[in-house]
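Here is the structure we will look at.
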Amino acid sequence: MKDLDRFAITGAVLDQLAGTPDPRLKRILESAVRHLHDFAREVELTPEEWLAGIAFLTAVGQACTPHRQEFILLSDVLGLSRLINVMHDARSRAEGATETSLLGPFFREAAPEVPLGGSLAARPESAGGKEILLFGRVTDADGAPIPGATMDLWQTNAEGLYDLQAEDPSVVDMRGKLRCDAEGRYHLRTVKPVGYAVPLDGPVGRLVHRQGRHGHRPAHIHVLVTAPGYQDLVTALYFADDPHIGSDTVFGVSASLVVSERMGLPDSPRPDLPAVRYDFRLSPLAAGATSGRVGADPSRMAAAVAAAEAARAG
Ligand code: BEZ
Ligand code: FE
């Protein structure tokens with residue numbers, strides 16, 4: 001029998017995993033074990049630090065509710081969500097298609113229908129900000145229009161709050177679904193969003209503070225574009241004049257997604273408003289593939305966990 005010293009222990013664990021029947025699971029677990037052990041050796045992790053890490057992960061789990069996914073937030077602030085998005089884009093985004101961004105925790109399936117030209121601002125309180133127009137087209141990766149694509153948009157109000165952060169959770173504001181016309185064109189009015197801090201009142205927030213980070217995201221509008229035969233596009237448009245445009249806490253910004261509102265844009269359906277023109281380009285859906293959407297509504301995640309537990313129990 002071999003003594004399990006600081007290096008032999010890794011091989012012993014890998015030996016025990018060697019019979020994992022699912023080859024993908026085997027590969028993921030072997031790599032996770034190798035990296036975890038290397039990490040512990042590299043920083044000379046002490047028992048107290050290991051326990052502090054366990055306590056932290058326990059607190060992250062305990063902070064999760066049907067409406068809050070603290071593990072995704074942890075993945076976001078560590079840049080893992082961005083990395084997964086970048087790798088997914090490299091595998092499945094057609095050349096010329098729009099880059100993706102994080103779905104974030106504030107997406108809700110249920111959003112009011114907004115007619116073309118309508119406004120995301122449902123309440124007079126939201127209308128206090130700067131009204132802007134967003135217009136453009138939804139096309140395929142080569143620029144051919146996709147008729148009747150559906151767009152979901154959601155954002156903060158002029159105070160930097162999502163409706164879900166309001167005291168009354170039944171409030172629905174600054175979000176909507178709209179359908180593009182037969183040439184893939186869309187236009188809608190909204191209030192220029194303001195940047196905000198990611199939820200900092202839990203264990204991940206305490207970590208962000210201990211790291212001396214500001215915790216903010218630059219102002220943005222989230223967009224989910226769907227059309228039959230195309231991958232769901234989860235992305236966001238970021239405003240260039242936000243002070244945190246170069247230091248997003250969750251690393252969601254790409255240069256191709258940075259916009260500015262301006263007057264006098266050709267073809268603007270509302271020349272009286274400052275406007276952003278943005279064309280969203282979708283990737284084709286590979287035969288037999290799922291939606292290609294990256295990210296999950298936290299309430300769906302809770303349902304998925306419950307279903308997995310029920311399957312295990314039954
Ligand atoms: C958001 O954009 O809404 C968001 C994304 C990731 C973490 C927290 C918030
Ligand atoms: Fe957001």
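FYI, nothing fancy with the structure tokens labels: chains A, B, ... in order, residues from 1 per chain, ligands from 1 as they appear.
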* To do: Can you pull out every residue within 9 Å of range 261-268 of chain A, counting only C-alpha atoms, but drop anything in the same chain fewer than 3 positions away, and send it as a PyMOL selection string?
  => chain A and resi 132-136+187+192+239+271-277
* Asked: Excluding same-chain residues fewer than 5 positions from Glu159 in chain A, what lies within 12 Å of it counting only C-alpha atoms, as a list of chain:residue names?
  ->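 Returned residues: A:Glu125, A:Ser126, A:Ala127, A:Gly128, A:Gly129, A:Lys130, A:Gln165, A:Ala166, A:Met174, A:Val191, A:Lys192, A:Pro193, A:Val194, A:Gly195, A:Tyr196, A:Ala197, A:Ala219.
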Written file, previous selection with N, CA and C atoms, as a short mmCIF file (atom, residue, chain, number, x, y, z; two decimals), in the first residue's frame:
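Saved file again-v8.cif follows:
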data_model
loop_
_atom_site.label_atom_id
_atom_site.label_comp_id
_atom_site.auth_asym_id
_atom_site.auth_seq_id
_atom_site.Cartn_x
_atom_site.Cartn_y
_atom_site.Cartn_z
N GLU A 125 -43.56 56.80 -12.22
CA GLU A 125 -42.30 57.00 -11.48
C GLU A 125 -41.10 56.72 -12.38
N SER A 126 -41.24 55.72 -13.27
CA SER A 126 -40.11 55.36 -14.13
C SER A 126 -39.87 56.43 -15.18
N ALA A 127 -40.95 57.12 -15.52
CA ALA A 127 -40.85 58.06 -16.63
C ALA A 127 -40.02 59.29 -16.25
N GLY A 128 -39.52 59.34 -14.99
CA GLY A 128 -38.73 60.49 -14.55
C GLY A 128 -37.36 60.57 -15.21
N GLY A 129 -36.89 59.48 -15.82
CA GLY A 129 -35.56 59.47 -16.41
C GLY A 129 -35.56 60.05 -17.81
N LYS A 130 -34.45 59.83 -18.51
CA LYS A 130 -34.32 60.37 -19.87
C LYS A 130 -34.94 59.40 -20.87
N GLN A 165 -36.91 44.48 -7.32
CA GLN A 165 -36.29 44.99 -6.10
C GLN A 165 -37.22 45.98 -5.39
N ALA A 166 -38.39 46.24 -6.01
CA ALA A 166 -39.35 47.14 -5.36
C ALA A 166 -39.98 46.42 -4.18
N MET A 174 -40.53 48.36 -16.46
CA MET A 174 -39.27 48.40 -17.20
C MET A 174 -38.90 47.02 -17.76
N VAL A 191 -36.60 54.29 -20.79
CA VAL A 191 -35.92 55.32 -20.02
C VAL A 191 -34.47 54.88 -19.92
N LYS A 192 -33.56 55.79 -20.13
CA LYS A 192 -32.15 55.39 -20.08
C LYS A 192 -31.86 54.75 -18.72
N PRO A 193 -31.36 53.49 -18.72
CA PRO A 193 -31.13 52.84 -17.42
C PRO A 193 -29.93 53.47 -16.71
N VAL A 194 -29.85 53.23 -15.40
CA VAL A 194 -28.65 53.65 -14.68
C VAL A 194 -27.97 52.41 -14.12
N GLY A 195 -26.68 52.52 -13.91
CA GLY A 195 -25.92 51.40 -13.37
C GLY A 195 -26.37 51.10 -11.94
N TYR A 196 -26.02 49.93 -11.47
CA TYR A 196 -26.45 49.51 -10.13
C TYR A 196 -25.45 48.51 -9.59
N ALA A 197 -25.56 48.28 -8.29
CA ALA A 197 -24.69 47.27 -7.67
C ALA A 197 -25.38 45.92 -7.77
N ALA A 219 -24.60 50.73 -16.64
CA ALA A 219 -26.00 50.78 -17.11
C ALA A 219 -26.17 49.92 -18.35
#
So that each row is one residue of chain A with an atom at most 9 Å from ligand 2, can you give its shortest atom pair and the distance in Å to one decimal, using only C-alpha atoms and all ligand atoms, rows by chain and rising number, as JSON lines?
{"residue": "A:Leu102", "atom": "CA", "partner": "ligand 2", "partner_atom_place_in_ligand_line": "1 (Fe)", "distance": 8.2}
{"residue": "A:Leu103", "atom": "CA", "partner": "ligand 2", "partner_atom_place_in_ligand_line": "1 (Fe)", "distance": 7.6}
{"residue": "A:Gly104", "atom": "CA", "partner": "ligand 2", "partner_atom_place_in_ligand_line": "1 (Fe)", "distance": 5.8}
{"residue": "A:Pro105", "atom": "CA", "partner": "ligand 2", "partner_atom_place_in_ligand_line": "1 (Fe)", "distance": 7.6}
{"residue": "A:Phe106", "atom": "CA", "partner": "ligand 2", "partner_atom_place_in_ligand_line": "1 (Fe)", "distance": 6.7}
{"residue": "A:Phe107", "atom": "CA", "partner": "ligand 2", "partner_atom_place_in_ligand_line": "1 (Fe)", "distance": 8.5}
{"residue": "A:Trp154", "atom": "CA", "partner": "ligand 2", "partner_atom_place_in_ligand_line": "1 (Fe)", "distance": 7.8}
{"residue": "A:Gln155", "atom": "CA", "partner": "ligand 2", "partner_atom_place_in_ligand_line": "1 (Fe)", "distance": 6.1}
{"residue": "A:Thr156", "atom": "CA", "partner": "ligand 2", "partner_atom_place_in_ligand_line": "1 (Fe)", "distance": 7.1}
{"residue": "A:Tyr162", "atom": "CA", "partner": "ligand 2", "partner_atom_place_in_ligand_line": "1 (Fe)", "distance": 8.1}
{"residue": "A:Gly195", "atom": "CA", "partner": "ligand 2", "partner_atom_place_in_ligand_line": "1 (Fe)", "distance": 8.5}
{"residue": "A:Tyr196", "atom": "CA", "partner": "ligand 2", "partner_atom_place_in_ligand_line": "1 (Fe)", "distance": 8.1}
{"residue": "A:Val198", "atom": "CA", "partner": "ligand 2", "partner_atom_place_in_ligand_line": "1 (Fe)", "distance": 8.3}
{"residue": "A:Arg217", "atom": "CA", "partner": "ligand 2", "partner_atom_place_in_ligand_line": "1 (Fe)", "distance": 7.5}
{"residue": "A:Pro218", "atom": "CA", "partner": "ligand 2", "partner_atom_place_in_ligand_line": "1 (Fe)", "distance": 8.7}
{"residue": "A:Ala219", "atom": "CA", "partner": "ligand 2", "partner_atom_place_in_ligand_line": "1 (Fe)", "distance": 7.9}
{"residue": "A:His220", "atom": "CA", "partner": "ligand 2", "partner_atom_place_in_ligand_line": "1 (Fe)", "distance": 6.4}
{"residue": "A:Ile221", "atom": "CA", "partner": "ligand 2", "partner_atom_place_in_ligand_line": "1 (Fe)", "distance": 6.9}
{"residue": "A:His222", "atom": "CA", "partner": "ligand 2", "partner_atom_place_in_ligand_line": "1 (Fe)", "distance": 6.3}
{"residue": "A:Ala236", "atom": "CA", "partner": "ligand 2", "partner_atom_place_in_ligand_line": "1 (Fe)", "distance": 8.2}
Can you write just those residues out, N, CA and C atoms, as a compact mmCIF listing (two decimals), in the first residue's frame?
# COMPACT_ATOMS: atom_id res chain seq x y z
N LEU A 102 -24.52 38.22 -20.05
CA LEU A 102 -25.14 37.45 -18.96
C LEU A 102 -26.64 37.69 -18.89
N LEU A 103 -27.38 36.63 -18.61
CA LEU A 103 -28.82 36.76 -18.42
C LEU A 103 -29.12 37.50 -17.11
N GLY A 104 -28.32 37.23 -16.08
CA GLY A 104 -28.52 37.90 -14.79
C GLY A 104 -29.73 37.37 -14.05
N PRO A 105 -29.91 37.84 -12.79
CA PRO A 105 -30.96 37.25 -11.95
C PRO A 105 -32.33 37.92 -12.07
N PHE A 106 -32.47 38.91 -12.96
CA PHE A 106 -33.72 39.68 -12.94
C PHE A 106 -34.64 39.40 -14.13
N PHE A 107 -34.30 38.38 -14.93
CA PHE A 107 -35.18 38.01 -16.04
C PHE A 107 -36.41 37.28 -15.49
N TRP A 154 -35.45 43.92 -20.52
CA TRP A 154 -35.64 44.26 -19.11
C TRP A 154 -34.45 45.07 -18.64
N GLN A 155 -34.71 45.98 -17.73
CA GLN A 155 -33.66 46.92 -17.29
C GLN A 155 -34.06 47.58 -15.97
N THR A 156 -33.13 48.34 -15.43
CA THR A 156 -33.43 49.12 -14.22
C THR A 156 -34.20 50.37 -14.61
N TYR A 162 -34.38 47.28 -10.45
CA TYR A 162 -35.31 46.44 -11.20
C TYR A 162 -36.63 46.41 -10.45
N GLY A 195 -26.68 52.52 -13.91
CA GLY A 195 -25.92 51.40 -13.37
C GLY A 195 -26.37 51.10 -11.94
N TYR A 196 -26.02 49.93 -11.47
CA TYR A 196 -26.45 49.51 -10.13
C TYR A 196 -25.45 48.51 -9.59
N VAL A 198 -24.61 44.86 -7.99
CA VAL A 198 -25.17 43.51 -7.94
C VAL A 198 -25.63 43.29 -6.49
N ARG A 217 -22.41 47.30 -11.77
CA ARG A 217 -22.52 46.97 -13.19
C ARG A 217 -22.81 48.27 -13.92
N PRO A 218 -22.21 48.47 -15.09
CA PRO A 218 -22.56 49.67 -15.86
C PRO A 218 -24.00 49.56 -16.38
N ALA A 219 -24.60 50.73 -16.64
CA ALA A 219 -26.00 50.78 -17.11
C ALA A 219 -26.17 49.92 -18.35
N HIS A 220 -27.26 49.16 -18.38
CA HIS A 220 -27.47 48.27 -19.53
C HIS A 220 -28.94 47.92 -19.69
N ILE A 221 -29.26 47.47 -20.88
CA ILE A 221 -30.59 46.93 -21.17
C ILE A 221 -30.39 45.47 -21.57
N HIS A 222 -31.04 44.56 -20.86
CA HIS A 222 -30.97 43.14 -21.22
C HIS A 222 -31.91 42.86 -22.39
N ALA A 236 -27.01 41.96 -23.97
CA ALA A 236 -27.35 43.22 -23.30
C ALA A 236 -26.61 44.34 -24.02
* Asked: Distance CA of Ile84 in chain A-CA of Leu29 in chain A, one decimal place?
  -> 17.2 Å
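Interatomic distance, CA of Thr249 in chain A to CA of Glu99 in chain A: 18.6 Å.
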* To do: Among the residues of range 134-231 of chain A, find those DSSP assigns to helix (DSSP H, G or I) from the backbone and print them as a list in words.
  =>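 Taking range 134-231 of chain A and keeping helix (DSSP H, G or I) only, one gets Asp163, Leu164, Gln165, Pro203, Val204, Gly205, Arg206, Leu207, Val208, His209 and Arg210 of chain A.
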